[in-house]
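Before any comments, here is the structure.
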Amino acid sequence: MVMDMKMAGKPKHGLFGSKAPPPPSGPDMNIVHDLATLTRRLRVLESQYTNTRRRITVIDENMMSHGKKLNQEIDTVNEEMTDLKKAVESMDEKLVTIIKELKHAAKIGDVEVLKKYIEIWQPLDFVTRDQVEKIVKDFIAEQ
């Protein structure tokens, strides 16, 4: 047994003897540094990506609300345009009616001719039938 202990500490050399395992090596510092740098960069990129997604979400929400407002304004403008079209059509109809009535009205020349006849005839000097009958009765009564 003593011999086994002596032999246990010594490596065996021989045909079938095994070599001592290589001593464990530590990680290469360049690789560790590169890995840490890549991890840090990845976290920065993920944070930027998250911020960008948040901004895009806010922009989308703003666009949706502005789109709704614009649609409401467009609807209001369309209603006002419809009302204006109806008002213009109503005015057109009234203008056509006025033009038709003006065509039937007397012209300046016709009014001037009538004015001349009235000045010649002096209709205010005419007497009524009742007045003539009274004058005739008065005349007969005097005689």
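Residue numbering restarts at 1 for every chain of the structure tokens, chains are lettered A, B, ... in their displayed order, and ligands are numbered from 1 as they appear.
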### Task
Would you return as a PyMOL selection string the members of chain A that DSSP assigns to alpha helix (DSSP H) on this structure's backbone?
chain A and resi 2-9+29-104+108-121+129-142
Per residue of segment 76-104 of chain A within 12 Å of segment 56-71 of chain A, record the nearest atom pair and its distance in Å to one decimal, counting only C-alpha atoms, with rows in chain order and ascending residue number, as CSV.
residue,atom,partner,partner_atom,distance
A:Thr76,CA,A:Asn71,CA,8.6
A:Val77,CA,A:Asn71,CA,9.8
A:Asn78,CA,A:Asn71,CA,10.3
